[in-house]
Amino acid sequence: MFSVTVREHLMIAHSFRGEVFGPAQRLHGATFVVDATFRRPRLDPDNLVVDIGRAAGALGAVVGELTYRNLDEEPAFAGVNTSTEFLAKVIADRLADRVHAGALGEGARGLAGITVTLHESHLAWASYERAL
């Protein structure tokens, strides 16, 4: 399986519901390094997994929809604990929508999957992997 990874960063504010979250139940900020890995079993006719510029642009656009926002105030996340794992899925699903819409080019239609990893620090991260 071939893969290409592009990187961006995300800065948000949010809070959590539930005793399991301890002090994170209060409003707090989070900064993530976001990696999006695109996979396919065979290279396209140009010997690419995906156009890196288009992949980076798509990731930047998706992350731009979330960054510098208080996710507690976003209607799409009303009543949801926007955990690192949950946000990885949101970003992966939004990238998949862009692939299906052709935003990453015709060659990207041969992609097999996407994995999005949100790094909270050098010690902890979470990922979501999905098929395309």
# chains A, B, ... in the order shown; residues from 1 in each chain; ligands from 1
$ select_by_dssp --residues "chain A" --states "helix (DSSP H, G or I)" --output "PyMOL selection string"
chain A and resi 19-25+52-64+71-73+75-77+84-100+106-110
$ write_last_selection --atoms "C-alpha atoms" --output "PDB file, in the first residue's frame"
ATOM      1  CA  GLU A  19     -16.860  13.197  35.337  1.00  0.00           C
ATOM      2  CA  VAL A  20     -14.349  11.127  33.358  1.00  0.00           C
ATOM      3  CA  PHE A  21     -13.005  14.412  31.922  1.00  0.00           C
ATOM      4  CA  GLY A  22     -12.146  15.963  35.307  1.00  0.00           C
ATOM      5  CA  PRO A  23     -10.937  19.558  34.921  1.00  0.00           C
ATOM      6  CA  ALA A  24     -11.393  19.394  31.126  1.00  0.00           C
ATOM      7  CA  GLN A  25     -15.114  19.849  31.804  1.00  0.00           C
ATOM      8  CA  ILE A  52       0.273  16.721  -2.582  1.00  0.00           C
ATOM      9  CA  GLY A  53      -0.713  20.324  -3.279  1.00  0.00           C
ATOM     10  CA  ARG A  54      -4.386  19.441  -3.601  1.00  0.00           C
ATOM     11  CA  ALA A  55      -4.239  17.191  -0.540  1.00  0.00           C
ATOM     12  CA  ALA A  56      -2.600  19.936   1.520  1.00  0.00           C
ATOM     13  CA  GLY A  57      -5.131  22.473   0.254  1.00  0.00           C
ATOM     14  CA  ALA A  58      -8.048  20.216   1.138  1.00  0.00           C
ATOM     15  CA  LEU A  59      -6.697  19.560   4.626  1.00  0.00           C
ATOM     16  CA  GLY A  60      -6.106  23.286   5.122  1.00  0.00           C
ATOM     17  CA  ALA A  61      -9.664  24.080   4.054  1.00  0.00           C
ATOM     18  CA  VAL A  62     -11.195  21.431   6.341  1.00  0.00           C
ATOM     19  CA  VAL A  63      -9.096  22.487   9.325  1.00  0.00           C
ATOM     20  CA  GLY A  64      -9.844  26.140   8.528  1.00  0.00           C
ATOM     21  CA  LEU A  71     -16.618  24.138  19.300  1.00  0.00           C
ATOM     22  CA  ASP A  72     -19.178  24.342  22.127  1.00  0.00           C
ATOM     23  CA  GLU A  73     -20.819  27.146  20.119  1.00  0.00           C
ATOM     24  CA  PRO A  75     -24.362  23.944  15.958  1.00  0.00           C
ATOM     25  CA  ALA A  76     -22.890  20.829  14.307  1.00  0.00           C
ATOM     26  CA  PHE A  77     -21.366  19.821  17.652  1.00  0.00           C
ATOM     27  CA  THR A  84      -9.520  14.155  19.910  1.00  0.00           C
ATOM     28  CA  GLU A  85     -10.840  10.864  18.529  1.00  0.00           C
ATOM     29  CA  PHE A  86     -14.134  12.460  17.495  1.00  0.00           C
ATOM     30  CA  LEU A  87     -12.385  15.369  15.759  1.00  0.00           C
ATOM     31  CA  ALA A  88     -10.124  12.964  13.840  1.00  0.00           C
ATOM     32  CA  LYS A  89     -13.271  11.331  12.428  1.00  0.00           C
ATOM     33  CA  VAL A  90     -14.861  14.681  11.565  1.00  0.00           C
ATOM     34  CA  ILE A  91     -11.777  15.743   9.624  1.00  0.00           C
ATOM     35  CA  ALA A  92     -11.432  12.361   7.864  1.00  0.00           C
ATOM     36  CA  ASP A  93     -15.098  12.376   6.840  1.00  0.00           C
ATOM     37  CA  ARG A  94     -14.891  15.944   5.533  1.00  0.00           C
ATOM     38  CA  LEU A  95     -11.766  15.054   3.539  1.00  0.00           C
ATOM     39  CA  ALA A  96     -13.560  12.007   2.127  1.00  0.00           C
ATOM     40  CA  ASP A  97     -16.423  14.263   1.011  1.00  0.00           C
ATOM     41  CA  ARG A  98     -13.897  16.428  -0.856  1.00  0.00           C
ATOM     42  CA  VAL A  99     -12.313  13.384  -2.506  1.00  0.00           C
ATOM     43  CA  HIS A 100     -15.737  12.179  -3.675  1.00  0.00           C
ATOM     44  CA  GLU A 106      -9.556  12.681 -10.848  1.00  0.00           C
ATOM     45  CA  GLY A 107      -6.509  10.643  -9.794  1.00  0.00           C
ATOM     46  CA  ALA A 108      -7.711  10.775  -6.194  1.00  0.00           C
ATOM     47  CA  ARG A 109     -10.754   8.707  -7.106  1.00  0.00           C
ATOM     48  CA  GLY A 110      -8.453   5.668  -6.889  1.00  0.00           C
TER      49      GLY A 110
END
$ select_by_dssp --residues "segment 11-98 of chain A" --states "strand (DSSP E)" --output "PyMOL selection string"
chain A and resi 11-14+28-40+69-70
$ write_last_selection --atoms "N, CA and C atoms" --output "compact mmCIF listing (two decimals), in the first residue's frame"
# COMPACT_ATOMS: atom_id res chain seq x y z
N MET A 11 -6.31 24.90 16.11
CA MET A 11 -6.42 25.52 17.42
C MET A 11 -7.90 25.75 17.71
N ILE A 12 -8.38 25.14 18.80
CA ILE A 12 -9.80 25.24 19.15
C ILE A 12 -9.97 25.50 20.63
N ALA A 13 -11.19 25.84 21.02
CA ALA A 13 -11.62 25.86 22.41
C ALA A 13 -12.80 24.93 22.51
N HIS A 14 -12.94 24.27 23.66
CA HIS A 14 -14.08 23.39 23.90
C HIS A 14 -14.10 22.97 25.35
N HIS A 28 -11.57 25.09 27.77
CA HIS A 28 -10.11 25.11 27.66
C HIS A 28 -9.74 25.11 26.18
N GLY A 29 -8.51 25.45 25.89
CA GLY A 29 -8.01 25.45 24.53
C GLY A 29 -7.23 24.19 24.22
N ALA A 30 -7.16 23.87 22.95
CA ALA A 30 -6.36 22.72 22.50
C ALA A 30 -5.73 23.08 21.17
N THR A 31 -4.49 22.69 21.01
CA THR A 31 -3.77 22.86 19.75
C THR A 31 -3.32 21.49 19.30
N PHE A 32 -3.62 21.15 18.06
CA PHE A 32 -3.28 19.84 17.52
C PHE A 32 -2.42 20.00 16.27
N VAL A 33 -1.49 19.08 16.08
CA VAL A 33 -0.86 18.88 14.79
C VAL A 33 -1.72 17.82 14.11
N VAL A 34 -2.15 18.09 12.88
CA VAL A 34 -3.08 17.22 12.16
C VAL A 34 -2.36 16.61 10.96
N ASP A 35 -2.29 15.28 10.93
CA ASP A 35 -1.74 14.56 9.79
C ASP A 35 -2.87 13.84 9.07
N ALA A 36 -2.91 14.00 7.75
CA ALA A 36 -3.87 13.26 6.92
C ALA A 36 -3.06 12.39 5.96
N THR A 37 -3.28 11.09 6.07
CA THR A 37 -2.57 10.13 5.24
C THR A 37 -3.55 9.52 4.24
N PHE A 38 -3.19 9.62 2.98
CA PHE A 38 -3.99 9.09 1.88
C PHE A 38 -3.33 7.82 1.38
N ARG A 39 -4.14 6.74 1.17
CA ARG A 39 -3.59 5.44 0.80
C ARG A 39 -4.22 4.91 -0.48
N ARG A 40 -3.40 4.14 -1.20
CA ARG A 40 -3.92 3.42 -2.36
C ARG A 40 -2.99 2.25 -2.66
N ARG A 69 -12.10 28.43 16.76
CA ARG A 69 -13.51 28.43 17.13
C ARG A 69 -13.70 27.76 18.48
N ASN A 70 -14.73 28.19 19.17
CA ASN A 70 -15.18 27.49 20.36
C ASN A 70 -16.18 26.45 19.86
$ atom_distance --atom1 "atom CA of Leu123 of chain A" --atom2 "atom CA of Glu65 of chain A"
26.2 Å
$ closest_residue --among "A:Thr82, A:Ser127, A:Thr115, A:Ser3" --to "Phe16 of chain A" --atoms "only C-alpha atoms"
A:Thr82
$ closest_residue --among "A:Ser83, A:Leu111, A:Arg17, A:Leu104" --to "Tyr128 of chain A" --atoms "only C-alpha atoms"
A:Ser83
$ residues_around --residues "Leu43 of chain A" --least-positions-apart "5" --cutoff "8 Å" --atoms "only C-alpha atoms" --output "PyMOL selection string"
chain A and resi 2+48-49
$ write_last_selection --atoms "N, CA, C and O atoms" --output "PDB file, in the first residue's frame"
ATOM      1  N   PHE A   2       0.626   2.172  -0.886  1.00  0.00           N
ATOM      2  CA  PHE A   2       1.346   3.432  -0.947  1.00  0.00           C
ATOM      3  C   PHE A   2       0.609   4.467  -0.093  1.00  0.00           C
ATOM      4  O   PHE A   2      -0.606   4.380   0.077  1.00  0.00           O
ATOM      5  N   LEU A  48       1.561   8.767  -8.812  1.00  0.00           N
ATOM      6  CA  LEU A  48       1.239   9.494  -7.584  1.00  0.00           C
ATOM      7  C   LEU A  48       0.216   8.724  -6.759  1.00  0.00           C
ATOM      8  O   LEU A  48      -0.611   7.993  -7.307  1.00  0.00           O
ATOM      9  N   VAL A  49       0.255   8.967  -5.451  1.00  0.00           N
ATOM     10  CA  VAL A  49      -0.844   8.539  -4.581  1.00  0.00           C
ATOM     11  C   VAL A  49      -1.954   9.565  -4.707  1.00  0.00           C
ATOM     12  O   VAL A  49      -3.106   9.238  -4.961  1.00  0.00           O
TER      13      VAL A  49
END
$ atom_distance --atom1 "atom CA of Val50 of chain A" --atom2 "atom CA of Val4 of chain A"
7.1 Å
$ decode --residues "segment 61-111 of chain A" --atoms "N, CA and C atoms" --output "PDB file, in the first residue's frame"
ATOM      1  N   ALA A  61      -8.287  23.578   4.118  1.00  0.00           N
ATOM      2  CA  ALA A  61      -9.664  24.080   4.054  1.00  0.00           C
ATOM      3  C   ALA A  61     -10.532  23.443   5.138  1.00  0.00           C
ATOM      4  N   VAL A  62     -10.396  22.129   5.322  1.00  0.00           N
ATOM      5  CA  VAL A  62     -11.195  21.431   6.341  1.00  0.00           C
ATOM      6  C   VAL A  62     -10.824  21.929   7.732  1.00  0.00           C
ATOM      7  N   VAL A  63      -9.550  22.017   8.008  1.00  0.00           N
ATOM      8  CA  VAL A  63      -9.096  22.487   9.325  1.00  0.00           C
ATOM      9  C   VAL A  63      -9.502  23.948   9.526  1.00  0.00           C
ATOM     10  N   GLY A  64      -9.457  24.731   8.444  1.00  0.00           N
ATOM     11  CA  GLY A  64      -9.844  26.140   8.528  1.00  0.00           C
ATOM     12  C   GLY A  64     -11.289  26.343   8.946  1.00  0.00           C
ATOM     13  N   GLU A  65     -12.138  25.348   8.671  1.00  0.00           N
ATOM     14  CA  GLU A  65     -13.544  25.421   9.085  1.00  0.00           C
ATOM     15  C   GLU A  65     -13.697  25.255  10.598  1.00  0.00           C
ATOM     16  N   LEU A  66     -12.662  24.741  11.261  1.00  0.00           N
ATOM     17  CA  LEU A  66     -12.746  24.441  12.689  1.00  0.00           C
ATOM     18  C   LEU A  66     -11.861  25.336  13.553  1.00  0.00           C
ATOM     19  N   THR A  67     -10.766  25.795  13.002  1.00  0.00           N
ATOM     20  CA  THR A  67      -9.754  26.464  13.817  1.00  0.00           C
ATOM     21  C   THR A  67     -10.211  27.829  14.320  1.00  0.00           C
ATOM     22  N   TYR A  68      -9.674  28.212  15.452  1.00  0.00           N
ATOM     23  CA  TYR A  68     -10.003  29.468  16.141  1.00  0.00           C
ATOM     24  C   TYR A  68     -11.487  29.580  16.460  1.00  0.00           C
ATOM     25  N   ARG A  69     -12.097  28.433  16.764  1.00  0.00           N
ATOM     26  CA  ARG A  69     -13.515  28.432  17.127  1.00  0.00           C
ATOM     27  C   ARG A  69     -13.701  27.758  18.479  1.00  0.00           C
ATOM     28  N   ASN A  70     -14.735  28.191  19.169  1.00  0.00           N
ATOM     29  CA  ASN A  70     -15.184  27.489  20.362  1.00  0.00           C
ATOM     30  C   ASN A  70     -16.179  26.446  19.864  1.00  0.00           C
ATOM     31  N   LEU A  71     -15.776  25.188  19.861  1.00  0.00           N
ATOM     32  CA  LEU A  71     -16.618  24.138  19.300  1.00  0.00           C
ATOM     33  C   LEU A  71     -17.918  23.957  20.085  1.00  0.00           C
ATOM     34  N   ASP A  72     -17.946  24.401  21.337  1.00  0.00           N
ATOM     35  CA  ASP A  72     -19.178  24.342  22.127  1.00  0.00           C
ATOM     36  C   ASP A  72     -20.266  25.219  21.515  1.00  0.00           C
ATOM     37  N   GLU A  73     -19.867  26.218  20.721  1.00  0.00           N
ATOM     38  CA  GLU A  73     -20.819  27.146  20.119  1.00  0.00           C
ATOM     39  C   GLU A  73     -21.189  26.778  18.685  1.00  0.00           C
ATOM     40  N   GLU A  74     -20.604  25.710  18.159  1.00  0.00           N
ATOM     41  CA  GLU A  74     -20.876  25.301  16.780  1.00  0.00           C
ATOM     42  C   GLU A  74     -22.115  24.393  16.752  1.00  0.00           C
ATOM     43  N   PRO A  75     -23.142  24.751  15.993  1.00  0.00           N
ATOM     44  CA  PRO A  75     -24.362  23.944  15.958  1.00  0.00           C
ATOM     45  C   PRO A  75     -24.115  22.477  15.580  1.00  0.00           C
ATOM     46  N   ALA A  76     -23.161  22.208  14.729  1.00  0.00           N
ATOM     47  CA  ALA A  76     -22.890  20.829  14.307  1.00  0.00           C
ATOM     48  C   ALA A  76     -22.415  19.954  15.462  1.00  0.00           C
ATOM     49  N   PHE A  77     -21.915  20.578  16.529  1.00  0.00           N
ATOM     50  CA  PHE A  77     -21.366  19.821  17.652  1.00  0.00           C
ATOM     51  C   PHE A  77     -22.173  20.003  18.941  1.00  0.00           C
ATOM     52  N   ALA A  78     -23.390  20.488  18.821  1.00  0.00           N
ATOM     53  CA  ALA A  78     -24.231  20.723  19.997  1.00  0.00           C
ATOM     54  C   ALA A  78     -24.399  19.435  20.797  1.00  0.00           C
ATOM     55  N   GLY A  79     -24.056  19.491  22.065  1.00  0.00           N
ATOM     56  CA  GLY A  79     -24.228  18.348  22.959  1.00  0.00           C
ATOM     57  C   GLY A  79     -23.230  17.227  22.754  1.00  0.00           C
ATOM     58  N   VAL A  80     -22.180  17.455  21.963  1.00  0.00           N
ATOM     59  CA  VAL A  80     -21.198  16.408  21.640  1.00  0.00           C
ATOM     60  C   VAL A  80     -19.888  16.686  22.365  1.00  0.00           C
ATOM     61  N   ASN A  81     -19.289  15.647  22.931  1.00  0.00           N
ATOM     62  CA  ASN A  81     -17.933  15.761  23.464  1.00  0.00           C
ATOM     63  C   ASN A  81     -16.971  15.699  22.283  1.00  0.00           C
ATOM     64  N   THR A  82     -16.377  16.826  21.958  1.00  0.00           N
ATOM     65  CA  THR A  82     -15.493  16.919  20.798  1.00  0.00           C
ATOM     66  C   THR A  82     -14.083  16.456  21.168  1.00  0.00           C
ATOM     67  N   SER A  83     -13.997  15.173  21.505  1.00  0.00           N
ATOM     68  CA  SER A  83     -12.719  14.566  21.878  1.00  0.00           C
ATOM     69  C   SER A  83     -11.770  14.541  20.692  1.00  0.00           C
ATOM     70  N   THR A  84     -10.518  14.274  20.971  1.00  0.00           N
ATOM     71  CA  THR A  84      -9.520  14.155  19.910  1.00  0.00           C
ATOM     72  C   THR A  84      -9.935  13.086  18.907  1.00  0.00           C
ATOM     73  N   GLU A  85     -10.408  11.955  19.397  1.00  0.00           N
ATOM     74  CA  GLU A  85     -10.840  10.864  18.529  1.00  0.00           C
ATOM     75  C   GLU A  85     -12.001  11.305  17.636  1.00  0.00           C
ATOM     76  N   PHE A  86     -12.973  11.984  18.236  1.00  0.00           N
ATOM     77  CA  PHE A  86     -14.134  12.460  17.495  1.00  0.00           C
ATOM     78  C   PHE A  86     -13.711  13.442  16.408  1.00  0.00           C
ATOM     79  N   LEU A  87     -12.822  14.377  16.735  1.00  0.00           N
ATOM     80  CA  LEU A  87     -12.385  15.369  15.759  1.00  0.00           C
ATOM     81  C   LEU A  87     -11.599  14.727  14.613  1.00  0.00           C
ATOM     82  N   ALA A  88     -10.836  13.680  14.907  1.00  0.00           N
ATOM     83  CA  ALA A  88     -10.124  12.964  13.840  1.00  0.00           C
ATOM     84  C   ALA A  88     -11.123  12.407  12.833  1.00  0.00           C
ATOM     85  N   LYS A  89     -12.230  11.868  13.327  1.00  0.00           N
ATOM     86  CA  LYS A  89     -13.271  11.331  12.428  1.00  0.00           C
ATOM     87  C   LYS A  89     -13.938  12.441  11.627  1.00  0.00           C
ATOM     88  N   VAL A  90     -14.236  13.553  12.269  1.00  0.00           N
ATOM     89  CA  VAL A  90     -14.861  14.681  11.565  1.00  0.00           C
ATOM     90  C   VAL A  90     -13.973  15.123  10.406  1.00  0.00           C
ATOM     91  N   ILE A  91     -12.695  15.285  10.669  1.00  0.00           N
ATOM     92  CA  ILE A  91     -11.777  15.743   9.624  1.00  0.00           C
ATOM     93  C   ILE A  91     -11.657  14.698   8.515  1.00  0.00           C
ATOM     94  N   ALA A  92     -11.526  13.423   8.872  1.00  0.00           N
ATOM     95  CA  ALA A  92     -11.432  12.361   7.864  1.00  0.00           C
ATOM     96  C   ALA A  92     -12.688  12.319   6.991  1.00  0.00           C
ATOM     97  N   ASP A  93     -13.847  12.421   7.598  1.00  0.00           N
ATOM     98  CA  ASP A  93     -15.098  12.376   6.840  1.00  0.00           C
ATOM     99  C   ASP A  93     -15.225  13.584   5.913  1.00  0.00           C
ATOM    100  N   ARG A  94     -14.823  14.749   6.376  1.00  0.00           N
ATOM    101  CA  ARG A  94     -14.891  15.944   5.533  1.00  0.00           C
ATOM    102  C   ARG A  94     -13.887  15.856   4.378  1.00  0.00           C
ATOM    103  N   LEU A  95     -12.723  15.275   4.635  1.00  0.00           N
ATOM    104  CA  LEU A  95     -11.766  15.054   3.539  1.00  0.00           C
ATOM    105  C   LEU A  95     -12.330  14.058   2.534  1.00  0.00           C
ATOM    106  N   ALA A  96     -12.955  12.997   3.024  1.00  0.00           N
ATOM    107  CA  ALA A  96     -13.560  12.007   2.127  1.00  0.00           C
ATOM    108  C   ALA A  96     -14.620  12.663   1.244  1.00  0.00           C
ATOM    109  N   ASP A  97     -15.420  13.552   1.805  1.00  0.00           N
ATOM    110  CA  ASP A  97     -16.423  14.263   1.011  1.00  0.00           C
ATOM    111  C   ASP A  97     -15.760  15.042  -0.119  1.00  0.00           C
ATOM    112  N   ARG A  98     -14.610  15.648   0.169  1.00  0.00           N
ATOM    113  CA  ARG A  98     -13.897  16.428  -0.856  1.00  0.00           C
ATOM    114  C   ARG A  98     -13.308  15.515  -1.928  1.00  0.00           C
ATOM    115  N   VAL A  99     -12.813  14.351  -1.520  1.00  0.00           N
ATOM    116  CA  VAL A  99     -12.313  13.384  -2.506  1.00  0.00           C
ATOM    117  C   VAL A  99     -13.448  12.978  -3.438  1.00  0.00           C
ATOM    118  N   HIS A 100     -14.590  12.620  -2.870  1.00  0.00           N
ATOM    119  CA  HIS A 100     -15.737  12.179  -3.675  1.00  0.00           C
ATOM    120  C   HIS A 100     -16.271  13.288  -4.583  1.00  0.00           C
ATOM    121  N   ALA A 101     -16.109  14.539  -4.158  1.00  0.00           N
ATOM    122  CA  ALA A 101     -16.577  15.674  -4.960  1.00  0.00           C
ATOM    123  C   ALA A 101     -15.575  16.052  -6.055  1.00  0.00           C
ATOM    124  N   GLY A 102     -14.403  15.413  -6.067  1.00  0.00           N
ATOM    125  CA  GLY A 102     -13.406  15.688  -7.098  1.00  0.00           C
ATOM    126  C   GLY A 102     -12.429  16.794  -6.766  1.00  0.00           C
ATOM    127  N   ALA A 103     -12.456  17.326  -5.549  1.00  0.00           N
ATOM    128  CA  ALA A 103     -11.594  18.448  -5.175  1.00  0.00           C
ATOM    129  C   ALA A 103     -10.110  18.091  -5.153  1.00  0.00           C
ATOM    130  N   LEU A 104      -9.779  16.810  -5.054  1.00  0.00           N
ATOM    131  CA  LEU A 104      -8.383  16.403  -5.053  1.00  0.00           C
ATOM    132  C   LEU A 104      -7.954  15.866  -6.414  1.00  0.00           C
ATOM    133  N   GLY A 105      -8.779  16.055  -7.427  1.00  0.00           N
ATOM    134  CA  GLY A 105      -8.458  15.645  -8.782  1.00  0.00           C
ATOM    135  C   GLY A 105      -8.985  14.259  -9.111  1.00  0.00           C
ATOM    136  N   GLU A 106      -9.037  13.962 -10.393  1.00  0.00           N
ATOM    137  CA  GLU A 106      -9.556  12.681 -10.848  1.00  0.00           C
ATOM    138  C   GLU A 106      -8.704  11.519 -10.351  1.00  0.00           C
ATOM    139  N   GLY A 107      -7.387  11.708 -10.267  1.00  0.00           N
ATOM    140  CA  GLY A 107      -6.509  10.643  -9.794  1.00  0.00           C
ATOM    141  C   GLY A 107      -6.836  10.196  -8.385  1.00  0.00           C
ATOM    142  N   ALA A 108      -7.386  11.099  -7.586  1.00  0.00           N
ATOM    143  CA  ALA A 108      -7.711  10.775  -6.194  1.00  0.00           C
ATOM    144  C   ALA A 108      -8.898   9.832  -6.081  1.00  0.00           C
ATOM    145  N   ARG A 109      -9.615   9.635  -7.153  1.00  0.00           N
ATOM    146  CA  ARG A 109     -10.754   8.707  -7.106  1.00  0.00           C
ATOM    147  C   ARG A 109     -10.291   7.271  -6.893  1.00  0.00           C
ATOM    148  N   GLY A 110      -9.001   7.003  -7.119  1.00  0.00           N
ATOM    149  CA  GLY A 110      -8.453   5.668  -6.889  1.00  0.00           C
ATOM    150  C   GLY A 110      -7.937   5.446  -5.482  1.00  0.00           C
ATOM    151  N   LEU A 111      -8.118   6.430  -4.606  1.00  0.00           N
ATOM    152  CA  LEU A 111      -7.673   6.265  -3.222  1.00  0.00           C
ATOM    153  C   LEU A 111      -8.479   5.175  -2.526  1.00  0.00           C
TER     154      LEU A 111
END
